[in-house]
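Asks: Have a look at the structure that comes next, please.
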Amino acid sequence: MSKVQIERVETVIVDLPLRRQQRFAAIGASTTAIVLVKIWASGGIVGIGEGCTPSGPWWSGESVESIKLNIDAHIAPLIIGRDVFDLRGISAEVDRKLFGNPFAKATVEMALLDIQGKIAGVPVHDLLGGKQRSSLPCSWPLATGDPGEEIEEAKEHLAQKRFKLFKLKMGFLEPETDVARACAIAKALEGKASVRVDPNESWDEATCKWAMPRMADAGIAMVEQPMARWNVDGFARITAQTKMATAVDESLCTMDDALRLGRMHTADLVSIKVMKHGGLTNARRIADIAIASGMSIYMGTFLECSIGTAAGMQLAATFSDLPYGGELSGANLIAEDIAVRPARYENFELQLEEGVGLAAEVDEDKVEALRRDRSRLSIAV
Ligand SMILES: O=C(O)C[C@H]1C=CC(=O)O1
Ligand SMILES: [Mn+2]
C-alpha cells in the first residue's frame, strides 16, 4: 500500500455554554471552549480531533488559544506530507521540535487515529489493543458549592439513571466549610451513590491530615489530588495513612511520572486523560506502566464535548479493570454540542458507539454557529 499522506490541517476554536456554573478551585466558569481540528489525508479522508481544557489554562498552562496556535504554527508544518500511519515517527519529530504542549499534540493525534481507523475500516479501540468493554460508569461533577442544590442535582441524575457516581469539586471554599459540604452530600447519598472529591491541589499536608479522616468517616470513597502537584512525597504519606482510595491527577502526566510515582505508590489510582498524556497511545502506555506498578486506573476527563468524549470512550473500551469507573461526563454538562450524535448516558453508563475511527461526526451547522471567530461569546473566568 502506498503511503497515505497528511495534506492539510485546519483548526477552529468553538465556545460552548455550560448548563450551569461550574466552580473549580481556581476559577468559576459558565462556558468552556474546545479546539476542533480537521486533518485531510490523501484519498480525501478527513479525521477529526478535539482539544479541550477545563475552561481555561489553570490546570496545565495550555489553553484553547495556545493549542490552536501551536498546531497551526508548529505542528501542522511538521506533519504535512508525512505518512498518517507513522505515529511514532511523527511524535518523535514533533517532540524534538516542540517541547511540552501535550494537549496540542493529543488533539492532532486524535485526528490521525480517526483517519487510520477510517482507512482500516475499524474503530480506534481496535488500534489501541481491542475492546474489553462497551460502556463506562461515569461520575458527575458537583460544583456549585451549595450542598442543598448539589444533593438535588445528584438525586435528579439518579432518578434519570444517568449517573450514580459523583465527584465533588472542592478547594473554592474554606476547608472547614468545604469538608462539611462534602460530608453532608455523602450522608444524603449514602447507600444510593458513590461520592468522590477533587480539591485540585488546594490543601497542604496538615489540612489533608485533618480533612481525610472526617471524609472517610462520612463514607467518601476516593480523594483526587488534594495537594500541590510537586508534593508527591506528601501525597504518598497521605495515601499510606488514609482509609479512602487516593487518585493522582495533576502530578502524573508523563511516562517517567508514572514510573516514579508508581514505585513510590504515591496514590492508589491514576486518572488517565487523553489530553494531559499527549494522546490516546501515550495514555494507553501510561496506564500500562501504572498497572504494572500496582496502581489502578480511573478514566479521567477535561469535560470534553461529545467528540472528545467519544475519543475517551475508545480508550476506556480497551481497559478491562476500572474499579472506580471514570468521568467522561462533560458532554452532559455542555448545553450545546457540536457532534451529530451526542454522547449517550444510559443505565448509569456512557455507551460506546459503533463505527469506524472515533465513531463521531461533526455537525457543521453547530460549528458555524458557535465558532469563536464568528461569535461574540467569551470565556467567563
Ligand atoms: O479533574 C480535574 O482536575 C479537572 C476537571 C475535569 C473534570 C472535573 O470534574 O474537573
Ligand atoms: Mn482532577
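Numbering starts fresh at 1 for the residues of each chain in the C-alpha cells, the chains themselves are lettered A, B, ... in the order given, and ligands are numbered from 1 as they appear.
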At a cut-off of 10 Å, can you tabulate as JSON lines every residue of chain A near ligand 1 together with its closest atom pair and the distance in Å to one decimal, using only C-alpha atoms and all ligand atoms and ordering rows by chain then number?

Replies:
```
{"residue": "A:Gln22", "atom": "CA", "partner": "ligand 1", "partner_atom_place_in_ligand_line": "9 (O)", "distance": 8.7}
{"residue": "A:Arg23", "atom": "CA", "partner": "ligand 1", "partner_atom_place_in_ligand_line": "10 (O)", "distance": 9.0}
{"residue": "A:Phe24", "atom": "CA", "partner": "ligand 1", "partner_atom_place_in_ligand_line": "10 (O)", "distance": 7.0}
{"residue": "A:Ala25", "atom": "CA", "partner": "ligand 1", "partner_atom_place_in_ligand_line": "3 (O)", "distance": 9.3}
{"residue": "A:Thr53", "atom": "CA", "partner": "ligand 1", "partner_atom_place_in_ligand_line": "4 (C)", "distance": 8.3}
{"residue": "A:Pro54", "atom": "CA", "partner": "ligand 1", "partner_atom_place_in_ligand_line": "5 (C)", "distance": 5.7}
{"residue": "A:Ser55", "atom": "CA", "partner": "ligand 1", "partner_atom_place_in_ligand_line": "5 (C)", "distance": 9.0}
{"residue": "A:Trp58", "atom": "CA", "partner": "ligand 1", "partner_atom_place_in_ligand_line": "4 (C)", "distance": 9.6}
{"residue": "A:Trp59", "atom": "CA", "partner": "ligand 1", "partner_atom_place_in_ligand_line": "4 (C)", "distance": 7.0}
{"residue": "A:Ser60", "atom": "CA", "partner": "ligand 1", "partner_atom_place_in_ligand_line": "3 (O)", "distance": 9.8}
{"residue": "A:Ser139", "atom": "CA", "partner": "ligand 1", "partner_atom_place_in_ligand_line": "9 (O)", "distance": 8.5}
{"residue": "A:Trp140", "atom": "CA", "partner": "ligand 1", "partner_atom_place_in_ligand_line": "9 (O)", "distance": 7.4}
{"residue": "A:Pro141", "atom": "CA", "partner": "ligand 1", "partner_atom_place_in_ligand_line": "9 (O)", "distance": 4.9}
{"residue": "A:Leu142", "atom": "CA", "partner": "ligand 1", "partner_atom_place_in_ligand_line": "9 (O)", "distance": 7.8}
{"residue": "A:Ala143", "atom": "CA", "partner": "ligand 1", "partner_atom_place_in_ligand_line": "9 (O)", "distance": 8.0}
{"residue": "A:Phe166", "atom": "CA", "partner": "ligand 1", "partner_atom_place_in_ligand_line": "9 (O)", "distance": 9.4}
{"residue": "A:Lys167", "atom": "CA", "partner": "ligand 1", "partner_atom_place_in_ligand_line": "9 (O)", "distance": 6.6}
{"residue": "A:Leu168", "atom": "CA", "partner": "ligand 1", "partner_atom_place_in_ligand_line": "9 (O)", "distance": 7.6}
{"residue": "A:Lys169", "atom": "CA", "partner": "ligand 1", "partner_atom_place_in_ligand_line": "9 (O)", "distance": 6.4}
{"residue": "A:Met170", "atom": "CA", "partner": "ligand 1", "partner_atom_place_in_ligand_line": "10 (O)", "distance": 9.7}
{"residue": "A:Val197", "atom": "CA", "partner": "ligand 1", "partner_atom_place_in_ligand_line": "9 (O)", "distance": 9.2}
{"residue": "A:Asp198", "atom": "CA", "partner": "ligand 1", "partner_atom_place_in_ligand_line": "3 (O)", "distance": 6.8}
{"residue": "A:Pro199", "atom": "CA", "partner": "ligand 1", "partner_atom_place_in_ligand_line": "3 (O)", "distance": 8.1}
{"residue": "A:Asn200", "atom": "CA", "partner": "ligand 1", "partner_atom_place_in_ligand_line": "3 (O)", "distance": 5.6}
{"residue": "A:Glu201", "atom": "CA", "partner": "ligand 1", "partner_atom_place_in_ligand_line": "3 (O)", "distance": 8.9}
{"residue": "A:Glu224", "atom": "CA", "partner": "ligand 1", "partner_atom_place_in_ligand_line": "1 (O)", "distance": 7.9}
{"residue": "A:Gln225", "atom": "CA", "partner": "ligand 1", "partner_atom_place_in_ligand_line": "3 (O)", "distance": 7.8}
{"residue": "A:Val248", "atom": "CA", "partner": "ligand 1", "partner_atom_place_in_ligand_line": "3 (O)", "distance": 9.6}
{"residue": "A:Asp249", "atom": "CA", "partner": "ligand 1", "partner_atom_place_in_ligand_line": "3 (O)", "distance": 6.5}
{"residue": "A:Glu250", "atom": "CA", "partner": "ligand 1", "partner_atom_place_in_ligand_line": "3 (O)", "distance": 7.0}
{"residue": "A:Ser271", "atom": "CA", "partner": "ligand 1", "partner_atom_place_in_ligand_line": "1 (O)", "distance": 8.0}
{"residue": "A:Lys273", "atom": "CA", "partner": "ligand 1", "partner_atom_place_in_ligand_line": "1 (O)", "distance": 9.1}
{"residue": "A:Gly300", "atom": "CA", "partner": "ligand 1", "partner_atom_place_in_ligand_line": "1 (O)", "distance": 6.7}
{"residue": "A:Thr301", "atom": "CA", "partner": "ligand 1", "partner_atom_place_in_ligand_line": "6 (C)", "distance": 5.1}
{"residue": "A:Phe302", "atom": "CA", "partner": "ligand 1", "partner_atom_place_in_ligand_line": "6 (C)", "distance": 4.0}
{"residue": "A:Leu303", "atom": "CA", "partner": "ligand 1", "partner_atom_place_in_ligand_line": "7 (C)", "distance": 5.3}
{"residue": "A:Glu304", "atom": "CA", "partner": "ligand 1", "partner_atom_place_in_ligand_line": "6 (C)", "distance": 8.8}
{"residue": "A:Glu327", "atom": "CA", "partner": "ligand 1", "partner_atom_place_in_ligand_line": "7 (C)", "distance": 7.1}
{"residue": "A:Leu328", "atom": "CA", "partner": "ligand 1", "partner_atom_place_in_ligand_line": "7 (C)", "distance": 8.1}
{"residue": "A:Ser329", "atom": "CA", "partner": "ligand 1", "partner_atom_place_in_ligand_line": "7 (C)", "distance": 8.2}
{"residue": "A:Gly330", "atom": "CA", "partner": "ligand 1", "partner_atom_place_in_ligand_line": "7 (C)", "distance": 7.5}
```

Asks: Run DSSP on the backbone and grab whatever in segment 35-226 of chain A lands in strand (DSSP E); send it over as a PDB file with N, CA and C atoms, in the first residue's frame.

Replies:
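To be explicit, this is the file written out as result-v4.pdb:
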```pdb
ATOM      1  N   VAL A  35     -10.919  23.117  20.850  1.00  0.00           N
ATOM      2  CA  VAL A  35     -10.327  23.314  19.523  1.00  0.00           C
ATOM      3  C   VAL A  35     -10.736  22.113  18.694  1.00  0.00           C
ATOM      4  N   LEU A  36     -11.435  22.375  17.606  1.00  0.00           N
ATOM      5  CA  LEU A  36     -11.758  21.291  16.682  1.00  0.00           C
ATOM      6  C   LEU A  36     -10.670  21.279  15.618  1.00  0.00           C
ATOM      7  N   VAL A  37     -10.008  20.128  15.479  1.00  0.00           N
ATOM      8  CA  VAL A  37      -9.012  20.014  14.410  1.00  0.00           C
ATOM      9  C   VAL A  37      -9.548  19.067  13.346  1.00  0.00           C
ATOM     10  N   LYS A  38      -9.308  19.442  12.081  1.00  0.00           N
ATOM     11  CA  LYS A  38      -9.642  18.551  10.961  1.00  0.00           C
ATOM     12  C   LYS A  38      -8.370  18.339  10.171  1.00  0.00           C
ATOM     13  N   ILE A  39      -8.103  17.090   9.863  1.00  0.00           N
ATOM     14  CA  ILE A  39      -6.904  16.768   9.080  1.00  0.00           C
ATOM     15  C   ILE A  39      -7.325  16.008   7.824  1.00  0.00           C
ATOM     16  N   TRP A  40      -6.876  16.518   6.685  1.00  0.00           N
ATOM     17  CA  TRP A  40      -7.167  15.869   5.409  1.00  0.00           C
ATOM     18  C   TRP A  40      -5.977  14.999   5.016  1.00  0.00           C
ATOM     19  N   ALA A  41      -6.272  13.776   4.558  1.00  0.00           N
ATOM     20  CA  ALA A  41      -5.211  12.882   4.081  1.00  0.00           C
ATOM     21  C   ALA A  41      -5.477  12.552   2.619  1.00  0.00           C
ATOM     22  N   ILE A  45      -9.705  11.438   2.730  1.00  0.00           N
ATOM     23  CA  ILE A  45     -10.198  11.071   4.071  1.00  0.00           C
ATOM     24  C   ILE A  45      -9.914  12.196   5.064  1.00  0.00           C
ATOM     25  N   VAL A  46     -10.931  12.503   5.877  1.00  0.00           N
ATOM     26  CA  VAL A  46     -10.788  13.583   6.864  1.00  0.00           C
ATOM     27  C   VAL A  46     -10.924  12.991   8.267  1.00  0.00           C
ATOM     28  N   GLY A  47      -9.982  13.349   9.141  1.00  0.00           N
ATOM     29  CA  GLY A  47     -10.055  12.933  10.547  1.00  0.00           C
ATOM     30  C   GLY A  47     -10.357  14.138  11.422  1.00  0.00           C
ATOM     31  N   ILE A  48     -11.006  13.884  12.556  1.00  0.00           N
ATOM     32  CA  ILE A  48     -11.337  14.985  13.471  1.00  0.00           C
ATOM     33  C   ILE A  48     -10.744  14.704  14.864  1.00  0.00           C
ATOM     34  N   GLY A  49     -10.464  15.805  15.565  1.00  0.00           N
ATOM     35  CA  GLY A  49      -9.991  15.682  16.944  1.00  0.00           C
ATOM     36  C   GLY A  49     -10.476  16.866  17.755  1.00  0.00           C
ATOM     37  N   GLU A  50     -10.571  16.679  19.065  1.00  0.00           N
ATOM     38  CA  GLU A  50     -10.984  17.772  19.964  1.00  0.00           C
ATOM     39  C   GLU A  50      -9.890  18.046  20.989  1.00  0.00           C
ATOM     40  N   GLY A  51      -9.461  19.300  21.048  1.00  0.00           N
ATOM     41  CA  GLY A  51      -8.566  19.736  22.116  1.00  0.00           C
ATOM     42  C   GLY A  51      -9.390  20.457  23.157  1.00  0.00           C
ATOM     43  N   CYS A  52      -9.145  20.155  24.421  1.00  0.00           N
ATOM     44  CA  CYS A  52     -10.041  20.664  25.461  1.00  0.00           C
ATOM     45  C   CYS A  52      -9.267  20.917  26.747  1.00  0.00           C
ATOM     46  N   SER A 135     -19.171  -0.066  27.620  1.00  0.00           N
ATOM     47  CA  SER A 135     -19.738   1.089  28.323  1.00  0.00           C
ATOM     48  C   SER A 135     -18.869   1.405  29.537  1.00  0.00           C
ATOM     49  N   LEU A 136     -19.098   2.600  30.089  1.00  0.00           N
ATOM     50  CA  LEU A 136     -18.257   3.067  31.198  1.00  0.00           C
ATOM     51  C   LEU A 136     -19.115   3.778  32.239  1.00  0.00           C
ATOM     52  N   PRO A 137     -19.108   3.312  33.509  1.00  0.00           N
ATOM     53  CA  PRO A 137     -19.783   4.083  34.560  1.00  0.00           C
ATOM     54  C   PRO A 137     -19.034   5.399  34.750  1.00  0.00           C
ATOM     55  N   SER A 139     -18.652   9.361  36.592  1.00  0.00           N
ATOM     56  CA  SER A 139     -19.056  10.237  37.691  1.00  0.00           C
ATOM     57  C   SER A 139     -19.505  11.579  37.114  1.00  0.00           C
ATOM     58  N   TRP A 140     -20.367  12.248  37.885  1.00  0.00           N
ATOM     59  CA  TRP A 140     -20.882  13.568  37.513  1.00  0.00           C
ATOM     60  C   TRP A 140     -20.253  14.595  38.453  1.00  0.00           C
ATOM     61  N   PRO A 141     -19.764  15.741  37.905  1.00  0.00           N
ATOM     62  CA  PRO A 141     -19.166  16.730  38.803  1.00  0.00           C
ATOM     63  C   PRO A 141     -20.219  17.560  39.525  1.00  0.00           C
ATOM     64  N   LEU A 142     -20.145  17.595  40.844  1.00  0.00           N
ATOM     65  CA  LEU A 142     -20.979  18.505  41.642  1.00  0.00           C
ATOM     66  C   LEU A 142     -20.088  19.691  41.960  1.00  0.00           C
ATOM     67  N   LEU A 165     -22.319   7.966  40.323  1.00  0.00           N
ATOM     68  CA  LEU A 165     -21.024   8.305  40.910  1.00  0.00           C
ATOM     69  C   LEU A 165     -20.939   9.826  40.859  1.00  0.00           C
ATOM     70  N   PHE A 166     -20.505  10.449  41.942  1.00  0.00           N
ATOM     71  CA  PHE A 166     -20.451  11.917  41.972  1.00  0.00           C
ATOM     72  C   PHE A 166     -19.081  12.373  42.443  1.00  0.00           C
ATOM     73  N   LYS A 167     -18.506  13.308  41.675  1.00  0.00           N
ATOM     74  CA  LYS A 167     -17.193  13.852  42.047  1.00  0.00           C
ATOM     75  C   LYS A 167     -17.387  15.312  42.435  1.00  0.00           C
ATOM     76  N   LEU A 168     -17.174  15.561  43.705  1.00  0.00           N
ATOM     77  CA  LEU A 168     -17.366  16.896  44.248  1.00  0.00           C
ATOM     78  C   LEU A 168     -16.112  17.715  44.004  1.00  0.00           C
ATOM     79  N   LYS A 169     -16.288  18.846  43.299  1.00  0.00           N
ATOM     80  CA  LYS A 169     -15.160  19.750  43.106  1.00  0.00           C
ATOM     81  C   LYS A 169     -14.994  20.560  44.385  1.00  0.00           C
ATOM     82  N   SER A 194     -21.964   6.663  44.987  1.00  0.00           N
ATOM     83  CA  SER A 194     -20.591   6.757  45.486  1.00  0.00           C
ATOM     84  C   SER A 194     -20.114   8.197  45.308  1.00  0.00           C
ATOM     85  N   VAL A 195     -19.578   8.777  46.394  1.00  0.00           N
ATOM     86  CA  VAL A 195     -19.123  10.169  46.349  1.00  0.00           C
ATOM     87  C   VAL A 195     -17.605  10.213  46.420  1.00  0.00           C
ATOM     88  N   ARG A 196     -17.024  10.975  45.509  1.00  0.00           N
ATOM     89  CA  ARG A 196     -15.572  11.183  45.477  1.00  0.00           C
ATOM     90  C   ARG A 196     -15.315  12.689  45.503  1.00  0.00           C
ATOM     91  N   VAL A 197     -14.088  13.116  45.832  1.00  0.00           N
ATOM     92  CA  VAL A 197     -13.810  14.549  45.906  1.00  0.00           C
ATOM     93  C   VAL A 197     -12.512  14.882  45.180  1.00  0.00           C
ATOM     94  N   ASP A 198     -12.439  16.115  44.659  1.00  0.00           N
ATOM     95  CA  ASP A 198     -11.239  16.578  43.956  1.00  0.00           C
ATOM     96  C   ASP A 198     -10.939  18.027  44.329  1.00  0.00           C
ATOM     97  N   MET A 222     -13.261   8.230  47.566  1.00  0.00           N
ATOM     98  CA  MET A 222     -11.967   8.486  46.907  1.00  0.00           C
ATOM     99  C   MET A 222     -11.641   9.973  46.956  1.00  0.00           C
ATOM    100  N   VAL A 223     -10.373  10.296  47.119  1.00  0.00           N
ATOM    101  CA  VAL A 223      -9.936  11.696  47.047  1.00  0.00           C
ATOM    102  C   VAL A 223      -8.872  11.811  45.961  1.00  0.00           C
ATOM    103  N   GLU A 224      -9.067  12.824  45.106  1.00  0.00           N
ATOM    104  CA  GLU A 224      -8.156  13.028  43.968  1.00  0.00           C
ATOM    105  C   GLU A 224      -7.311  14.276  44.194  1.00  0.00           C
TER     106      GLU A 224
END
```

Asks: Could you tell me how far atom CA of Leu280 of chain A lies from atom CA of Ile75 of chain A, in Å and to one decimal?

Replies: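 Here the two named atoms are 17.2 Å from each other.
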
Asks: From the options A:Val108, A:Val340, A:Ala247, A:Ile238, which residue's atoms come nearest to ligand 2, counting only C-alpha atoms and all ligand atoms?

Replies: A:Ala247

Asks: Determine, counting only C-alpha atoms, which protein, DNA and RNA residues have an atom within 12 Å of an atom of Met255 of chain A; residues of the same chain fewer than 3 positions away are not included. Present the result as JSON, numbers by chain.

Replies: {"A": [251, 252, 258, 259, 260, 261, 262, 272, 276, 277, 278, 281, 282, 283, 284, 285, 286, 287, 288, 289, 290]}

Asks: Residues as selected, N, CA and C atoms, written as a CSV table (one decimal), in the first residue's frame, can you do that?

Replies:
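Saved result, selection_5.csv, follows:
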```
chain,number,residue,atom,x,y,z
A,251,SER,N,-0.2,15.4,39.3
A,251,SER,CA,1.2,15.0,39.5
A,251,SER,C,1.6,14.0,38.5
A,252,LEU,N,0.7,13.3,37.8
A,252,LEU,CA,1.1,12.2,36.9
A,252,LEU,C,0.6,12.5,35.4
A,258,ALA,N,4.9,8.3,35.7
A,258,ALA,CA,4.2,7.1,36.0
A,258,ALA,C,5.2,6.1,36.7
A,259,LEU,N,6.4,6.0,36.1
A,259,LEU,CA,7.4,5.1,36.7
A,259,LEU,C,7.8,5.5,38.1
A,260,ARG,N,8.0,6.8,38.3
A,260,ARG,CA,8.5,7.4,39.6
A,260,ARG,C,7.4,7.2,40.6
A,261,LEU,N,6.2,7.7,40.3
A,261,LEU,CA,5.1,7.7,41.3
A,261,LEU,C,4.6,6.3,41.5
A,262,GLY,N,4.7,5.4,40.5
A,262,GLY,CA,4.3,4.1,40.7
A,262,GLY,C,5.2,3.4,41.7
A,272,ILE,N,-6.3,8.8,34.2
A,272,ILE,CA,-5.8,8.7,32.8
A,272,ILE,C,-6.6,9.7,32.0
A,276,LYS,N,-3.8,15.2,28.9
A,276,LYS,CA,-2.6,15.5,29.7
A,276,LYS,C,-1.5,14.6,29.3
A,277,HIS,N,-1.8,13.4,28.8
A,277,HIS,CA,-0.7,12.4,28.4
A,277,HIS,C,-0.2,12.6,27.0
A,278,GLY,N,-0.8,13.5,26.3
A,278,GLY,CA,-0.3,13.8,24.9
A,278,GLY,C,-0.9,12.9,23.9
A,281,THR,N,-2.5,7.0,22.4
A,281,THR,CA,-1.5,5.9,22.5
A,281,THR,C,-0.6,6.1,23.8
A,282,ASN,N,-0.2,7.3,24.0
A,282,ASN,CA,0.6,7.6,25.3
A,282,ASN,C,-0.2,7.3,26.5
A,283,ALA,N,-1.5,7.6,26.5
A,283,ALA,CA,-2.4,7.4,27.6
A,283,ALA,C,-2.5,5.9,27.9
A,284,ARG,N,-2.6,5.1,26.8
A,284,ARG,CA,-2.6,3.7,27.0
A,284,ARG,C,-1.3,3.1,27.6
A,285,ARG,N,-0.2,3.7,27.1
A,285,ARG,CA,1.1,3.3,27.6
A,285,ARG,C,1.3,3.6,29.1
A,286,ILE,N,0.9,4.8,29.5
A,286,ILE,CA,1.0,5.3,30.9
A,286,ILE,C,0.1,4.4,31.7
A,287,ALA,N,-1.1,4.1,31.3
A,287,ALA,CA,-2.0,3.2,32.0
A,287,ALA,C,-1.3,1.9,32.3
A,288,ASP,N,-0.6,1.4,31.3
A,288,ASP,CA,0.1,0.1,31.4
A,288,ASP,C,1.2,0.2,32.5
A,289,ILE,N,1.9,1.3,32.5
A,289,ILE,CA,3.0,1.4,33.5
A,289,ILE,C,2.4,1.5,34.9
A,290,ALA,N,1.3,2.3,35.0
A,290,ALA,CA,0.6,2.4,36.3
A,290,ALA,C,0.2,1.0,36.8
```

Asks: Interatomic distance between atom CA of Leu127 of chain A and atom CA of Phe163 of chain A?

Replies: 29.0 Å

Asks: Compare A:Gly121, A:Gly43, A:Gly56, A:Pro342 by their minimum atom-to-atom distance to Ile27 of chain A, counting only C-alpha atoms, and give me the closest one.

Replies: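 Nearest candidate to Ile27 of chain A out of A:Gly121, A:Gly43, A:Gly56, A:Pro342: A:Gly56.
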
Asks: If I take atom CA of Trp210 of chain A and atom CA of Met264 of chain A, how far is one from the other in Å, to one decimal?

Replies: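 Interatomic distance here is 22.8 Å.
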
Asks: Identify, on the basis of only C-alpha atoms, every residue whose closest approach to segment 10-21 of chain A does not exceed 8 Å; exclude the query and any residue fewer than 4 positions from it along the same chain; express the result as a PyMOL selection string.

Replies: chain A and resi 28-39+64-65+68+71-72+143-144+333-337+367+370-373+377-379

Asks: Smallest atom-to-atom distance to ligand 2: which of A:Ala339, A:Ala221, A:Ala216, A:Leu269, using only C-alpha atoms and all ligand atoms?

Replies: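 Using only C-alpha atoms and all ligand atoms, ligand 2 sits closest to A:Leu269.
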
Asks: Between A:Thr239, A:Thr318, A:Gln5, A:Asn332, which residue has the minimum interatomic distance to Ile297 of chain A, considering only C-alpha atoms?

Replies: A:Thr318

Asks: Restricting the calculation to only C-alpha atoms and all ligand atoms: of A:Ala228, A:Ile6, A:Ile119, A:Ala211, which residue gets closest to ligand 2?

Replies: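 Nearest candidate to ligand 2 out of A:Ala228, A:Ile6, A:Ile119, A:Ala211: A:Ala228.
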
Asks: Contacts of Pro175 of chain A at 12 Å or less, counting only C-alpha atoms, minus same-chain residues fewer than 5 places along, as a compact mmCIF listing (two decimals) with C-alpha atoms, in the first residue's frame?

Replies:
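Ended up saving to around.txt:
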```txt
# COMPACT_ATOMS: atom_id res chain seq x y z
CA ALA A 25 -10.64 25.52 42.91
CA MET A 170 -13.51 21.29 46.18
CA ALA A 180 -18.76 19.94 55.96
CA ARG A 181 -20.32 20.29 52.49
CA ALA A 182 -18.67 17.05 51.26
CA CYS A 183 -19.76 15.12 54.37
CA PRO A 199 -9.72 19.63 45.72
CA SER A 202 -5.79 23.18 47.29
CA TRP A 203 -4.63 21.66 50.58
CA ASP A 204 -1.35 21.34 52.40
CA ALA A 206 -1.75 19.32 57.60
CA THR A 207 -5.15 20.13 56.04
CA CYS A 208 -5.19 16.69 54.40
CA LYS A 209 -4.42 15.01 57.75
CA TRP A 210 -7.32 16.90 59.32
CA ALA A 211 -9.81 16.52 56.44
CA MET A 212 -9.31 12.98 55.27
CA ARG A 214 -13.56 13.14 58.52
CA MET A 215 -14.36 12.48 54.88
CA PRO A 226 -5.64 17.13 47.30
```

Asks: Using only C-alpha atoms and all ligand atoms for the distances, tell me which of A:Gly171, A:Gly145, A:Gly100, A:Pro213 is nearest to ligand 2.

Replies: A:Gly171

Asks: From a backbone DSSP assignment, name each residue in segment 67-270 of chain A labelled alpha helix (DSSP H), as a compact mmCIF listing (two decimals) with C-alpha atoms, in the first residue's frame.

Replies:
```txt
# COMPACT_ATOMS: atom_id res chain seq x y z
CA ILE A 67 -3.46 24.67 21.44
CA LYS A 68 -4.70 26.31 18.23
CA LEU A 69 -1.57 28.43 17.84
CA ASN A 70 0.84 25.56 18.42
CA ALA A 76 0.97 21.35 11.11
CA PRO A 77 4.12 22.35 9.14
CA LEU A 78 5.98 19.33 10.63
CA ILE A 79 3.34 16.74 9.78
CA LEU A 87 2.64 7.91 14.51
CA ARG A 88 5.92 7.12 16.30
CA GLY A 89 7.97 8.96 13.68
CA ILE A 90 5.61 11.93 13.76
CA SER A 91 5.58 12.22 17.53
CA ALA A 92 9.38 11.81 17.75
CA GLU A 93 9.84 14.74 15.37
CA VAL A 94 7.13 16.89 16.96
CA ASP A 95 8.54 16.19 20.47
CA ARG A 96 12.02 17.18 19.31
CA LYS A 97 10.84 20.48 17.88
CA PRO A 102 0.70 17.57 25.39
CA PHE A 103 -2.83 18.91 24.88
CA ALA A 104 -2.00 20.29 21.41
CA LYS A 105 -0.20 17.06 20.50
CA ALA A 106 -3.12 14.93 21.74
CA THR A 107 -5.58 16.93 19.64
CA VAL A 108 -3.64 16.17 16.46
CA GLU A 109 -3.02 12.51 17.31
CA MET A 110 -6.77 12.03 17.87
CA ALA A 111 -7.48 13.13 14.30
CA LEU A 112 -4.68 10.93 12.91
CA LEU A 113 -6.09 7.88 14.69
CA ASP A 114 -9.54 8.79 13.35
CA ILE A 115 -8.06 8.73 9.82
CA GLN A 116 -6.24 5.43 10.47
CA GLY A 117 -9.47 3.84 11.70
CA LYS A 118 -11.42 5.15 8.71
CA ILE A 119 -8.81 3.76 6.27
CA ALA A 120 -8.58 0.41 8.06
CA VAL A 124 -9.90 3.36 17.20
CA HIS A 125 -10.14 0.89 20.11
CA ASP A 126 -9.01 -1.83 17.68
CA LEU A 127 -5.87 0.23 17.02
CA PRO A 147 -24.79 21.40 49.21
CA GLY A 148 -28.62 21.52 49.16
CA GLU A 149 -28.60 22.31 45.44
CA GLU A 150 -25.91 19.70 44.81
CA ILE A 151 -27.88 16.96 46.61
CA GLU A 152 -30.95 17.78 44.48
CA GLU A 153 -28.82 17.72 41.32
CA ALA A 154 -27.41 14.30 42.27
CA LYS A 155 -30.88 12.93 43.03
CA GLU A 156 -32.12 14.08 39.61
CA HIS A 157 -29.27 12.21 37.88
CA LEU A 158 -30.04 9.11 39.97
CA ALA A 159 -33.73 9.31 39.02
CA PRO A 175 -11.54 23.78 54.15
CA GLU A 176 -13.97 23.64 57.13
CA THR A 177 -16.97 24.69 55.02
CA ASP A 178 -15.84 22.51 52.14
CA VAL A 179 -15.39 19.36 54.24
CA ALA A 180 -18.76 19.94 55.96
CA ARG A 181 -20.32 20.29 52.49
CA ALA A 182 -18.67 17.05 51.26
CA CYS A 183 -19.76 15.12 54.37
CA ALA A 184 -23.36 16.42 54.11
CA ILE A 185 -23.56 15.31 50.48
CA ALA A 186 -22.05 11.89 51.21
CA LYS A 187 -24.50 11.35 54.10
CA ALA A 188 -27.50 12.39 51.97
CA GLU A 205 -0.39 18.15 54.23
CA ALA A 206 -1.75 19.32 57.60
CA THR A 207 -5.15 20.13 56.04
CA CYS A 208 -5.19 16.69 54.40
CA LYS A 209 -4.42 15.01 57.75
CA TRP A 210 -7.32 16.90 59.32
CA ALA A 211 -9.81 16.52 56.44
CA MET A 212 -9.31 12.98 55.27
CA PRO A 213 -10.37 11.02 58.36
CA ARG A 214 -13.56 13.14 58.52
CA MET A 215 -14.36 12.48 54.88
CA ALA A 216 -13.54 8.77 55.24
CA ASP A 217 -15.93 8.54 58.21
CA VAL A 232 4.44 13.69 45.62
CA ASP A 233 6.23 12.66 48.85
CA GLY A 234 3.44 14.25 50.90
CA PHE A 235 0.83 12.58 48.69
CA ALA A 236 2.47 9.16 49.27
CA ARG A 237 2.37 9.74 53.06
CA ILE A 238 -1.32 10.67 52.90
CA THR A 239 -2.07 7.59 50.77
CA ALA A 240 -0.39 5.39 53.37
CA GLN A 241 -2.47 6.96 56.18
CA MET A 255 5.65 8.15 31.31
CA ASP A 256 8.50 8.99 33.67
CA ASP A 257 5.98 10.43 36.19
CA ALA A 258 4.20 7.08 36.03
CA LEU A 259 7.41 5.13 36.67
CA ARG A 260 8.50 7.36 39.55
CA LEU A 261 5.10 7.70 41.26
CA GLY A 262 4.28 4.05 40.68
CA ARG A 263 7.44 2.94 42.51
CA MET A 264 6.53 5.20 45.48
```

Asks: For Ala317 of chain A, list every protein, DNA or RNA residue within 6 Å, evaluated using only C-alpha atoms, and leave out those in the same chain fewer than 6 positions away; present the list as number ranges by chain.

Replies: A: 131-133
